[in-house]
Structures are given as C-alpha cells and as structure tokens.
>>> print(open('upload21.pdb').read())   # PDB, C-alpha atoms
ATOM      1  CA  MET A 718       6.424 -14.334  -2.258
ATOM      2  CA  GLU A 719       6.718 -10.711  -1.306
ATOM      3  CA  LEU A 720       4.286  -7.965  -0.308
ATOM      4  CA  VAL A 721       5.171  -4.577  -1.766
ATOM      5  CA  SER A 722       3.479  -1.368  -0.667
ATOM      6  CA  GLU A 723       3.295   1.875  -2.600
ATOM      7  CA  THR A 724       1.783   5.118  -1.358
ATOM      8  CA  GLU A 725      -0.234   7.344  -3.664
ATOM      9  CA  ASN A 726       1.910  10.390  -2.851
ATOM     10  CA  CYS A 727       5.545  10.784  -1.935
ATOM     11  CA  SER A 728       6.523  11.763   1.599
ATOM     12  CA  ALA A 729       6.157  15.356   2.775
ATOM     13  CA  LYS A 730       9.932  15.672   3.037
ATOM     14  CA  LEU A 731      10.453  14.742  -0.601
ATOM     15  CA  ALA A 732       7.426  16.754  -1.769
ATOM     16  CA  ARG A 733       9.103  19.897  -0.369
ATOM     17  CA  ASP A 734      12.345  19.115  -2.223
ATOM     18  CA  LYS A 735      12.162  21.138  -5.444
ATOM     19  CA  ASN A 736      15.179  19.236  -6.834
ATOM     20  CA  ALA A 737      13.691  15.763  -6.366
ATOM     21  CA  THR A 738      13.667  13.678  -9.531
ATOM     22  CA  GLU A 739      10.788  11.493 -10.683
ATOM     23  CA  GLU A 740      12.924   8.421  -9.899
ATOM     24  CA  GLN A 741      13.438   9.624  -6.304
ATOM     25  CA  LYS A 742       9.700  10.218  -5.935
ATOM     26  CA  LYS A 743       8.900   6.757  -7.315
ATOM     27  CA  GLU A 744      11.328   5.128  -4.881
ATOM     28  CA  ASP A 745      10.005   7.212  -1.988
ATOM     29  CA  ARG A 746       6.451   5.932  -2.583
ATOM     30  CA  LYS A 747       7.734   2.411  -1.817
ATOM     31  CA  ARG A 748       8.557   3.384   1.765
ATOM     32  CA  ARG A 749       7.337   1.302   4.701
ATOM     33  CA  LYS A 750       6.401   4.165   7.013
ATOM     34  CA  ILE A 751       3.083   5.634   5.989
ATOM     35  CA  GLY A 752       1.166   8.525   7.435
ATOM     36  CA  ILE A 753      -2.342   9.246   8.599
ATOM     37  CA  GLY A 754      -4.692   9.825   5.666
ATOM     38  CA  GLU A 755      -2.415   8.229   3.077
ATOM     39  CA  THR A 756      -3.698   5.889   0.386
ATOM     40  CA  VAL A 757      -1.616   2.736  -0.063
ATOM     41  CA  THR A 758      -1.621  -0.040  -2.650
ATOM     42  CA  VAL A 759      -0.285  -3.423  -1.530
ATOM     43  CA  THR A 760       0.752  -5.967  -4.165
ATOM     44  CA  LEU A 761       1.625  -9.630  -3.786
ATOM     45  CA  ASN A 762       4.617 -10.465  -6.001
ATOM     46  CA  CYS A 763       5.997 -13.913  -6.660
ATOM     47  CA  LYS A 764       9.021 -15.129  -8.634
ATOM     48  CA  LYS A 765       6.977 -18.185  -9.598
ATOM     49  CA  PRO A 766       3.679 -16.742 -10.918
ATOM     50  CA  PHE A 767       2.042 -20.176 -11.142
ATOM     51  CA  LEU A 768       1.937 -20.178  -7.312
ATOM     52  CA  LEU A 769      -0.632 -17.368  -7.500
ATOM     53  CA  GLU A 770      -3.021 -19.316  -9.735
ATOM     54  CA  PRO A 771      -5.953 -19.096  -9.943
ATOM     55  CA  LYS A 772      -5.553 -15.355  -9.379
ATOM     56  CA  ASP A 773      -9.268 -14.712  -9.032
ATOM     57  CA  GLN A 774      -9.233 -16.770  -5.826
ATOM     58  CA  ILE A 775      -6.683 -14.580  -4.023
ATOM     59  CA  GLN A 776      -8.369 -13.259  -0.887
ATOM     60  CA  TRP A 777      -7.274 -10.222   1.106
ATOM     61  CA  LYS A 778      -8.167  -9.854   4.769
ATOM     62  CA  VAL A 779      -7.243  -7.428   7.558
ATOM     63  CA  MET A 780      -6.248  -9.476  10.600
ATOM     64  CA  GLU A 781      -5.677  -6.601  13.054
ATOM     65  CA  GLY A 782      -6.284  -2.860  13.028
ATOM     66  CA  LYS A 783      -9.427  -2.677  10.888
ATOM     67  CA  GLU A 784     -10.307   0.549  12.681
ATOM     68  CA  LEU A 785      -7.222   2.178  11.158
ATOM     69  CA  LEU A 786      -8.615   1.844   7.633
ATOM     70  CA  GLU A 787     -11.107   4.288   6.216
ATOM     71  CA  GLY A 788     -13.695   2.244   4.347
ATOM     72  CA  GLY A 789     -11.805  -1.051   4.493
ATOM     73  CA  LEU A 790     -10.019  -2.704   1.586
ATOM     74  CA  GLU A 791     -10.748  -1.663  -1.991
ATOM     75  CA  LYS A 792     -10.318  -4.223  -4.754
ATOM     76  CA  ILE A 793      -8.625  -3.035  -7.926
ATOM     77  CA  PRO A 794     -10.537  -4.179 -11.030
ATOM     78  CA  ASN A 795      -8.760  -6.924 -13.008
ATOM     79  CA  ASN A 796      -5.810  -6.899 -10.587
ATOM     80  CA  TYR A 797      -6.277  -9.696  -8.070
ATOM     81  CA  GLN A 798      -2.711  -9.388  -6.794
ATOM     82  CA  SER A 799      -3.231  -5.858  -5.433
ATOM     83  CA  ILE A 800      -5.484  -4.150  -2.925
ATOM     84  CA  ARG A 801      -5.849  -0.464  -1.974
ATOM     85  CA  PHE A 802      -6.714   1.148   1.346
ATOM     86  CA  LYS A 803      -6.643   4.540   3.017
ATOM     87  CA  ILE A 804      -5.393   5.151   6.541
ATOM     88  CA  ASN A 805      -8.186   6.794   8.512
ATOM     89  CA  PRO A 806      -7.318  10.501   8.855
ATOM     90  CA  TYR A 807      -9.020  10.618  12.265
ATOM     91  CA  VAL A 808      -6.855   8.086  14.096
ATOM     92  CA  ASN A 809      -4.564   9.367  16.778
ATOM     93  CA  LYS A 810      -0.856   8.741  17.232
ATOM     94  CA  GLU A 811      -1.399   6.200  20.014
ATOM     95  CA  GLN A 812      -3.621   4.044  17.761
ATOM     96  CA  ILE A 813      -0.984   3.618  15.070
ATOM     97  CA  GLN A 814       2.036   2.879  17.243
TER      98      GLN A 814
END
>>> encode(input="upload21.pdb", output="structure tokens")
Amino acid sequence: MELVSETENCSAKLARDKNATEEQKKEDRKRRKIGIGETVTVTLNCKKPFLLEPKDQIQWKVMEGKELLEGGLEKIPNNYQSIRFKINPYVNKEQIQ
C-alpha cells in the first residue's frame, strides 16, 4: 500500500516558470513538501485492490498535528480511498517544522 499526496496548485517556483509544461505541473503537484495554506488530496493506493475492501469502511484519522489543518479532513464523495485537507494559513514556521 502507498499513500500519494497531490497539491491543488503547483509550487510557486514552477508557477513563475512561463515555459513549464502541463506534465511538469502535474508532476510538481505530487511533491512532498507543501506550504502554508495549500490544499492537499491524499490517496491510498494498493497493487492488490481487494485489500481495500470494503472501501466504504476505510477510515481516515489525524494522529498528530490536528491544529495544522483548517477545518479538519474533508471526505470526497464516492471516493473512499482519498481525503482532502487544507493547511491552516495562520500557522507559523515553528509549528510546521
């Protein structure tokens, strides 16, 4: 099993690059370092899909750092393998290190 994250927007560095291709932007959104205020979708992937059955019983939980999320976890309708959250734009640098 593997957790894959994808940000809603590409990084600021790539956003400023006028020559960036759509493929580069798509790959950039899979980065592991995310910024304050970013919205992220996390998906649980598995090479053996039967291990994720029944999908409607998949439960997502924040173990540490709940204060870093704005509004908590957001379920995605009809997609039990993914969850969305937004990093609180009011956290400070010390809180996210």
>>> residues_around(input="upload21.pdb", residues="range 779-794 of chain A", least_positions_apart="5", cutoff="6 Å", atoms="only C-alpha atoms", output="JSON, numbers by chain")
{"A": [800, 801, 802, 803, 804, 805]}
>>> atom_distance(input="upload21.pdb", atom1="CA of Asn762 in chain A", atom2="CA of Glu725 in chain A")
18.6 Å
>>> residues_around(input="upload21.pdb", residues="range 743-748 of chain A", least_positions_apart="3", cutoff="6 Å", atoms="only C-alpha atoms", output="PDB file with C-alpha atoms, in the coordinates of the input")
ATOM      1  CA  SER A 722       3.479  -1.368  -0.667  1.00  0.00           C
ATOM      2  CA  GLU A 723       3.295   1.875  -2.600  1.00  0.00           C
ATOM      3  CA  THR A 724       1.783   5.118  -1.358  1.00  0.00           C
ATOM      4  CA  CYS A 727       5.545  10.784  -1.935  1.00  0.00           C
ATOM      5  CA  GLU A 740      12.924   8.421  -9.899  1.00  0.00           C
TER       6      GLU A 740
END
>>> residues_around(input="upload21.pdb", residues="Met718 in chain A", least_positions_apart="3", cutoff="9 Å", atoms="only C-alpha atoms", output="ChimeraX atom specification")
/A:761-765,768
>>> closest_residue(input="upload21.pdb", among="A:Leu720, A:Leu731, A:Ile753, A:Ala737", to="Tyr807 in chain A", atoms="only C-alpha atoms")
A:Ile753
>>> atom_distance(input="upload21.pdb", atom1="CA of Tyr797 in chain A", atom2="CA of Lys742 in chain A")
25.6 Å
>>> atom_distance(input="upload21.pdb", atom1="CA of Val759 in chain A", atom2="CA of Gln798 in chain A")
8.3 Å
>>> closest_residue(input="upload21.pdb", among="A:Asn795, A:Gln812, A:Asn726, A:Gln774", to="Glu755 in chain A", atoms="all atoms listed in the file")
A:Asn726
>>> residues_around(input="upload21.pdb", residues="Gly752 in chain A", least_positions_apart="4", cutoff="9 Å", atoms="only C-alpha atoms", output="list in words")
Ser728, Thr756, Ile804 and Pro806 of chain A
>>> axis_aligned_box(input="upload21.pdb", around="range 755-772 of chain A", padding_each_side="8 Å", output="AutoDock Vina command-line options")
--center_x 1.5 --center_y -6.0 --center_z -4.0 --size_x 31.0 --size_y 44.4 --size_z 30.2
>>> closest_residue(input="upload21.pdb", among="A:Ile775, A:Ala729, A:Glu719, A:Lys735", to="Ile751 in chain A", atoms="only C-alpha atoms")
A:Ala729
>>> build_atoms(input="upload21.pdb", residues="range 743-779 of chain A", atoms="N, CA and C atoms", output="compact mmCIF listing (two decimals), keeping the file's coordinate frame")
# COMPACT_ATOMS: atom_id res chain seq x y z
N LYS A 743 9.41 8.13 -7.13
CA LYS A 743 8.90 6.76 -7.32
C LYS A 743 9.44 5.84 -6.22
N GLU A 744 10.72 5.95 -5.94
CA GLU A 744 11.33 5.13 -4.88
C GLU A 744 10.77 5.47 -3.50
N ASP A 745 10.53 6.75 -3.27
CA ASP A 745 10.01 7.21 -1.99
C ASP A 745 8.62 6.63 -1.72
N ARG A 746 7.80 6.47 -2.76
CA ARG A 746 6.45 5.93 -2.58
C ARG A 746 6.47 4.46 -2.18
N LYS A 747 7.62 3.81 -2.24
CA LYS A 747 7.73 2.41 -1.82
C LYS A 747 8.11 2.28 -0.34
N ARG A 748 8.14 3.39 0.36
CA ARG A 748 8.56 3.38 1.76
C ARG A 748 7.62 2.55 2.63
N ARG A 749 8.12 2.13 3.77
CA ARG A 749 7.34 1.30 4.70
C ARG A 749 6.60 2.12 5.74
N LYS A 750 7.07 3.31 6.04
CA LYS A 750 6.40 4.16 7.01
C LYS A 750 5.40 5.03 6.27
N ILE A 751 4.14 4.87 6.65
CA ILE A 751 3.08 5.63 5.99
C ILE A 751 2.40 6.51 7.01
N GLY A 752 1.77 7.56 6.54
CA GLY A 752 1.17 8.52 7.44
C GLY A 752 -0.35 8.45 7.47
N ILE A 753 -0.90 9.16 8.43
CA ILE A 753 -2.34 9.25 8.60
C ILE A 753 -2.94 9.89 7.35
N GLY A 754 -4.00 9.30 6.83
CA GLY A 754 -4.69 9.82 5.67
C GLY A 754 -4.11 9.39 4.33
N GLU A 755 -3.02 8.66 4.34
CA GLU A 755 -2.42 8.23 3.08
C GLU A 755 -3.16 7.05 2.46
N THR A 756 -3.14 7.01 1.13
CA THR A 756 -3.70 5.89 0.39
C THR A 756 -2.54 5.00 -0.05
N VAL A 757 -2.69 3.69 0.18
CA VAL A 757 -1.62 2.74 -0.06
C VAL A 757 -2.14 1.59 -0.92
N THR A 758 -1.33 1.15 -1.87
CA THR A 758 -1.62 -0.04 -2.65
C THR A 758 -0.62 -1.11 -2.23
N VAL A 759 -1.13 -2.30 -1.91
CA VAL A 759 -0.28 -3.42 -1.53
C VAL A 759 -0.41 -4.48 -2.62
N THR A 760 0.73 -4.98 -3.09
CA THR A 760 0.75 -5.97 -4.16
C THR A 760 1.52 -7.21 -3.73
N LEU A 761 0.98 -8.36 -4.06
CA LEU A 761 1.62 -9.63 -3.79
C LEU A 761 2.41 -10.03 -5.02
N ASN A 762 3.74 -10.08 -4.90
CA ASN A 762 4.62 -10.46 -6.00
C ASN A 762 5.19 -11.84 -5.73
N CYS A 763 5.45 -12.57 -6.80
CA CYS A 763 6.00 -13.91 -6.66
C CYS A 763 6.91 -14.20 -7.84
N LYS A 764 8.09 -14.78 -7.56
CA LYS A 764 9.02 -15.13 -8.63
C LYS A 764 8.49 -16.29 -9.47
N LYS A 765 7.59 -17.06 -8.89
CA LYS A 765 6.98 -18.18 -9.60
C LYS A 765 5.48 -17.91 -9.72
N PRO A 766 5.07 -17.18 -10.78
CA PRO A 766 3.68 -16.74 -10.92
C PRO A 766 2.64 -17.86 -10.84
N PHE A 767 3.01 -19.08 -11.19
CA PHE A 767 2.04 -20.18 -11.14
C PHE A 767 1.58 -20.45 -9.71
N LEU A 768 2.35 -20.00 -8.70
CA LEU A 768 1.94 -20.18 -7.31
C LEU A 768 0.74 -19.30 -6.96
N LEU A 769 0.48 -18.28 -7.75
CA LEU A 769 -0.63 -17.37 -7.50
C LEU A 769 -1.88 -17.74 -8.31
N GLU A 770 -1.87 -18.88 -8.92
CA GLU A 770 -3.02 -19.32 -9.74
C GLU A 770 -3.98 -20.14 -8.89
N PRO A 771 -5.26 -20.07 -9.11
CA PRO A 771 -5.95 -19.10 -9.94
C PRO A 771 -6.03 -17.74 -9.23
N LYS A 772 -5.65 -16.70 -9.95
CA LYS A 772 -5.55 -15.36 -9.38
C LYS A 772 -6.88 -14.84 -8.85
N ASP A 773 -7.97 -15.23 -9.47
CA ASP A 773 -9.27 -14.71 -9.03
C ASP A 773 -9.71 -15.29 -7.69
N GLN A 774 -8.91 -16.21 -7.13
CA GLN A 774 -9.23 -16.77 -5.83
C GLN A 774 -8.35 -16.22 -4.71
N ILE A 775 -7.49 -15.25 -5.05
CA ILE A 775 -6.68 -14.58 -4.02
C ILE A 775 -7.63 -13.77 -3.14
N GLN A 776 -7.51 -13.96 -1.83
CA GLN A 776 -8.37 -13.26 -0.89
C GLN A 776 -7.51 -12.39 0.04
N TRP A 777 -7.95 -11.16 0.23
CA TRP A 777 -7.27 -10.22 1.11
C TRP A 777 -8.12 -10.03 2.35
N LYS A 778 -7.45 -9.99 3.51
CA LYS A 778 -8.17 -9.85 4.77
C LYS A 778 -7.30 -9.07 5.76
N VAL A 779 -7.93 -8.18 6.51
CA VAL A 779 -7.24 -7.43 7.56
C VAL A 779 -7.37 -8.24 8.84
